[in-house]
Amino acid sequence: GENVGLHLPTLSVQEGDNSIINCAYSNSASDYFIWYKQESGKGPQFIIDIRSNMDKRQGQRVTVLLNKTVKHLSLQIAATQPGDSAVYFCAENYSGNTPLVFGKGTRLSVIA
Amino acid sequence: KAGVTQTPRYLIKTRGQQVTLSCSPISGHRSVSWYQQTPGQGLQFLFEYFSETQRNKGNFPGRFSGRQFSNSRSEMNVSTLELGDSALYLCASSPLGGTNEKLFFGSGTQLSVL
């Protein structure tokens, strides 16, 4: 887990600012999407999910937006904190008992 | 509830050897999936087991195999290890493993092949 994300795009934000992490998904038939957070040395941790019949869903400090027209997913984190520093993955799923397919990930670095 | 437990946490092997990794899912979860994570390829799906049957398989060579026991615990095996098999191997469980069901991941087994 320590070497995960060596070559990932990085987003650097100031503590307290809002963060927006973007993801382009691959399959127009995908109908379920998840955002995961992975901290160093740990497995991916579920943050929030959204189904294709919605375009926005809010959680605690996080919002996921889904634009099916352009196959785009975004994760917004409000008032970013140092504990939010991690690699963030989007994942998609399409019907038919198929496995979750993960994006390459984005590293979020919070500057105190 | 205890989370997904993977053992061992770290493994060092040499080329040509074989390795077995273990995963205990969350209590009550019947589906176990395995993913390989590398810096270059990200998370790649290996296989999924449900009720002791392999239900889905990713695009990996036959050296990668797995099984699931009646208590839903799962093992994966890699034979004739290659340097490129060095990776973090993640196990994830879900209640039924169906579409539109989130996965709960363990912390992984970091495999280094020398």
# chains A, B, ... in the order shown; residues from 1 in each chain; ligands from 1
$ closest_atom_pairs --of "chain A" --to "chain B" --cutoff "10 Å" --atoms "only C-alpha atoms" --output "JSON lines"
{"residue": "A:Gly1", "atom": "CA", "partner": "B:Leu88", "partner_atom": "CA", "distance": 6.0}
{"residue": "A:Glu2", "atom": "CA", "partner": "B:Gln110", "partner_atom": "CA", "distance": 9.0}
{"residue": "A:Asn3", "atom": "CA", "partner": "B:Pro39", "partner_atom": "CA", "distance": 6.6}
{"residue": "A:Val4", "atom": "CA", "partner": "B:Pro39", "partner_atom": "CA", "distance": 5.0}
{"residue": "A:Gly5", "atom": "CA", "partner": "B:Pro39", "partner_atom": "CA", "distance": 5.4}
{"residue": "A:Leu6", "atom": "CA", "partner": "B:Pro39", "partner_atom": "CA", "distance": 6.0}
{"residue": "A:His7", "atom": "CA", "partner": "B:Pro39", "partner_atom": "CA", "distance": 6.6}
{"residue": "A:Leu8", "atom": "CA", "partner": "B:Pro39", "partner_atom": "CA", "distance": 8.1}
{"residue": "A:Ser30", "atom": "CA", "partner": "B:Asn100", "partner_atom": "CA", "distance": 9.8}
{"residue": "A:Asp31", "atom": "CA", "partner": "B:Asn100", "partner_atom": "CA", "distance": 7.7}
{"residue": "A:Tyr32", "atom": "CA", "partner": "B:Asn100", "partner_atom": "CA", "distance": 5.5}
{"residue": "A:Phe33", "atom": "CA", "partner": "B:Asn100", "partner_atom": "CA", "distance": 8.0}
{"residue": "A:Ile34", "atom": "CA", "partner": "B:Lys102", "partner_atom": "CA", "distance": 7.4}
{"residue": "A:Trp35", "atom": "CA", "partner": "B:Lys102", "partner_atom": "CA", "distance": 9.8}
{"residue": "A:Tyr36", "atom": "CA", "partner": "B:Leu103", "partner_atom": "CA", "distance": 9.8}
{"residue": "A:Gln38", "atom": "CA", "partner": "B:Ser107", "partner_atom": "CA", "distance": 9.7}
{"residue": "A:Glu39", "atom": "CA", "partner": "B:Ser107", "partner_atom": "CA", "distance": 10.0}
{"residue": "A:Ser40", "atom": "CA", "partner": "B:Ser107", "partner_atom": "CA", "distance": 9.9}
{"residue": "A:Gly41", "atom": "CA", "partner": "B:Ser107", "partner_atom": "CA", "distance": 7.1}
{"residue": "A:Lys42", "atom": "CA", "partner": "B:Ser107", "partner_atom": "CA", "distance": 4.6}
{"residue": "A:Gly43", "atom": "CA", "partner": "B:Ser107", "partner_atom": "CA", "distance": 4.2}
{"residue": "A:Pro44", "atom": "CA", "partner": "B:Phe105", "partner_atom": "CA", "distance": 6.0}
{"residue": "A:Gln45", "atom": "CA", "partner": "B:Phe105", "partner_atom": "CA", "distance": 6.8}
{"residue": "A:Phe46", "atom": "CA", "partner": "B:Phe104", "partner_atom": "CA", "distance": 7.1}
{"residue": "A:Ile48", "atom": "CA", "partner": "B:Lys102", "partner_atom": "CA", "distance": 9.4}
{"residue": "A:Asp49", "atom": "CA", "partner": "B:Lys102", "partner_atom": "CA", "distance": 8.0}
{"residue": "A:Ile50", "atom": "CA", "partner": "B:Asn100", "partner_atom": "CA", "distance": 9.3}
{"residue": "A:Arg51", "atom": "CA", "partner": "B:Asn100", "partner_atom": "CA", "distance": 7.9}
{"residue": "A:Phe89", "atom": "CA", "partner": "B:Leu43", "partner_atom": "CA", "distance": 9.4}
{"residue": "A:Ala91", "atom": "CA", "partner": "B:Lys102", "partner_atom": "CA", "distance": 9.7}
{"residue": "A:Glu92", "atom": "CA", "partner": "B:Asn100", "partner_atom": "CA", "distance": 9.1}
{"residue": "A:Asn93", "atom": "CA", "partner": "B:Asn100", "partner_atom": "CA", "distance": 6.7}
{"residue": "A:Tyr94", "atom": "CA", "partner": "B:Thr99", "partner_atom": "CA", "distance": 6.9}
{"residue": "A:Ser95", "atom": "CA", "partner": "B:Thr99", "partner_atom": "CA", "distance": 5.6}
{"residue": "A:Gly96", "atom": "CA", "partner": "B:Thr99", "partner_atom": "CA", "distance": 6.8}
{"residue": "A:Asn97", "atom": "CA", "partner": "B:Thr99", "partner_atom": "CA", "distance": 5.1}
{"residue": "A:Thr98", "atom": "CA", "partner": "B:Thr99", "partner_atom": "CA", "distance": 6.6}
{"residue": "A:Pro99", "atom": "CA", "partner": "B:Phe45", "partner_atom": "CA", "distance": 7.3}
{"residue": "A:Leu100", "atom": "CA", "partner": "B:Phe45", "partner_atom": "CA", "distance": 7.9}
{"residue": "A:Val101", "atom": "CA", "partner": "B:Phe45", "partner_atom": "CA", "distance": 7.5}
{"residue": "A:Phe102", "atom": "CA", "partner": "B:Leu43", "partner_atom": "CA", "distance": 6.1}
{"residue": "A:Gly103", "atom": "CA", "partner": "B:Gly42", "partner_atom": "CA", "distance": 7.4}
{"residue": "A:Lys104", "atom": "CA", "partner": "B:Gly42", "partner_atom": "CA", "distance": 5.4}
{"residue": "A:Gly105", "atom": "CA", "partner": "B:Gly42", "partner_atom": "CA", "distance": 7.6}
$ residues_around --residues "segment 70-82 of chain B" --least-positions-apart "4" --cutoff "10 Å" --atoms "only C-alpha atoms" --output "PyMOL selection string"
chain B and resi 4-7+13-34+46-52+61-66+86+89+91+93+112-114
$ residues_around --residues "Asn67 of chain A" --least-positions-apart "6" --cutoff "12 Å" --atoms "only C-alpha atoms" --output "MDAnalysis selection string"
chainID A and resid 22:25 28 30:31 33 50:56 73:75
$ select_by_dssp --residues "chain B" --states "strand (DSSP E)" --output "ChimeraX atom specification"
/B:5-7,10-13,19-24,31-38,42-50,53-57,64-68,74-78,87-94,104-105,109-113
$ closest_residue --among "B:Tyr35, B:Gln68, B:Ala2, B:Ile12" --to "Leu83 of chain B" --atoms "only C-alpha atoms"
B:Ile12
$ residues_around --residues "Ala79 of chain A" --least-positions-apart "3" --cutoff "10 Å" --atoms "only C-alpha atoms" --output "ChimeraX atom specification"
/A:14-19,61-62,76,84
$ write_last_selection --atoms "C-alpha atoms" --output "mmCIF file, in the first residue's frame"
data_model
loop_
_atom_site.group_PDB
_atom_site.id
_atom_site.type_symbol
_atom_site.label_atom_id
_atom_site.label_comp_id
_atom_site.auth_asym_id
_atom_site.auth_seq_id
_atom_site.Cartn_x
_atom_site.Cartn_y
_atom_site.Cartn_z
ATOM 1 C CA GLN A 14 -5.428 24.580 1.280
ATOM 2 C CA GLU A 15 -6.963 23.373 4.508
ATOM 3 C CA GLY A 16 -10.472 24.754 4.770
ATOM 4 C CA ASP A 17 -10.981 25.122 1.027
ATOM 5 C CA ASN A 18 -13.348 22.962 -0.986
ATOM 6 C CA SER A 19 -11.936 20.150 -3.129
ATOM 7 C CA ARG A 61 -19.092 17.128 3.895
ATOM 8 C CA VAL A 62 -19.138 15.271 0.574
ATOM 9 C CA GLN A 76 -16.784 17.555 -3.807
ATOM 10 C CA ASP A 84 -8.755 14.067 3.833
#
$ atom_distance --atom1 "atom CA of Pro95 of chain B" --atom2 "atom CA of Gln60 of chain A"
24.2 Å
$ atom_distance --atom1 "atom CA of Arg107 of chain A" --atom2 "atom CA of Pro9 of chain A"
6.2 Å
$ atom_distance --atom1 "atom CA of Gly83 of chain A" --atom2 "atom CA of Ser94 of chain B"
26.2 Å
$ decode --residues "segment 11-81 of chain A" --atoms "C-alpha atoms" --output "CSV table (one decimal), in the first residue's frame"
chain,number,residue,atom,x,y,z
A,11,LEU,CA,-4.7,17.9,-6.4
A,12,SER,CA,-3.3,20.2,-3.8
A,13,VAL,CA,-5.7,22.3,-1.7
A,14,GLN,CA,-5.4,24.6,1.3
A,15,GLU,CA,-7.0,23.4,4.5
A,16,GLY,CA,-10.5,24.8,4.8
A,17,ASP,CA,-11.0,25.1,1.0
A,18,ASN,CA,-13.3,23.0,-1.0
A,19,SER,CA,-11.9,20.1,-3.1
A,20,ILE,CA,-13.3,18.8,-6.4
A,21,ILE,CA,-12.1,15.5,-7.7
A,22,ASN,CA,-13.1,14.5,-11.2
A,23,CYS,CA,-13.6,11.1,-12.8
A,24,ALA,CA,-14.4,10.2,-16.4
A,25,TYR,CA,-16.1,6.8,-16.5
A,26,SER,CA,-15.9,4.4,-19.4
A,27,ASN,CA,-19.2,2.7,-19.9
A,28,SER,CA,-22.4,4.5,-20.8
A,29,ALA,CA,-24.4,1.5,-19.5
A,30,SER,CA,-23.0,1.9,-16.0
A,31,ASP,CA,-25.7,2.5,-13.5
A,32,TYR,CA,-24.0,2.6,-10.1
A,33,PHE,CA,-21.0,4.6,-9.1
A,34,ILE,CA,-18.9,4.7,-5.9
A,35,TRP,CA,-16.2,6.9,-4.5
A,36,TYR,CA,-13.5,5.3,-2.4
A,37,LYS,CA,-10.8,6.9,-0.3
A,38,GLN,CA,-7.5,5.1,0.3
A,39,GLU,CA,-5.0,6.2,2.9
A,40,SER,CA,-1.4,5.0,2.9
A,41,GLY,CA,-1.2,1.4,4.2
A,42,LYS,CA,-4.9,0.8,4.1
A,43,GLY,CA,-7.5,-0.6,1.8
A,44,PRO,CA,-10.0,1.6,0.0
A,45,GLN,CA,-12.8,2.9,2.2
A,46,PHE,CA,-16.3,3.7,1.0
A,47,ILE,CA,-17.2,7.3,0.9
A,48,ILE,CA,-20.4,7.7,-1.0
A,49,ASP,CA,-22.3,6.1,-3.9
A,50,ILE,CA,-24.9,7.2,-6.4
A,51,ARG,CA,-27.2,5.4,-8.8
A,52,SER,CA,-27.8,6.5,-12.4
A,53,ASN,CA,-31.3,7.7,-11.8
A,54,MET,CA,-29.8,10.5,-9.7
A,55,ASP,CA,-27.5,13.4,-10.6
A,56,LYS,CA,-26.5,14.5,-7.1
A,57,ARG,CA,-26.2,13.0,-3.7
A,58,GLN,CA,-24.9,14.5,-0.5
A,59,GLY,CA,-23.3,13.0,2.5
A,60,GLN,CA,-21.4,14.5,5.4
A,61,ARG,CA,-19.1,17.1,3.9
A,62,VAL,CA,-19.1,15.3,0.6
A,63,THR,CA,-21.3,15.6,-2.5
A,64,VAL,CA,-21.2,13.4,-5.6
A,65,LEU,CA,-22.3,14.8,-9.0
A,66,LEU,CA,-23.1,12.6,-11.9
A,67,ASN,CA,-23.4,13.8,-15.5
A,68,LYS,CA,-24.4,10.9,-17.7
A,69,THR,CA,-24.4,13.0,-20.9
A,70,VAL,CA,-20.6,13.3,-20.8
A,71,LYS,CA,-19.9,10.3,-18.6
A,72,HIS,CA,-18.5,12.4,-15.8
A,73,LEU,CA,-18.5,11.9,-12.0
A,74,SER,CA,-17.2,14.4,-9.4
A,75,LEU,CA,-16.6,14.3,-5.7
A,76,GLN,CA,-16.8,17.6,-3.8
A,77,ILE,CA,-15.3,17.8,-0.3
A,78,ALA,CA,-16.3,20.8,1.7
A,79,ALA,CA,-13.9,22.4,4.1
A,80,THR,CA,-11.1,20.1,3.3
A,81,GLN,CA,-9.1,18.8,6.3
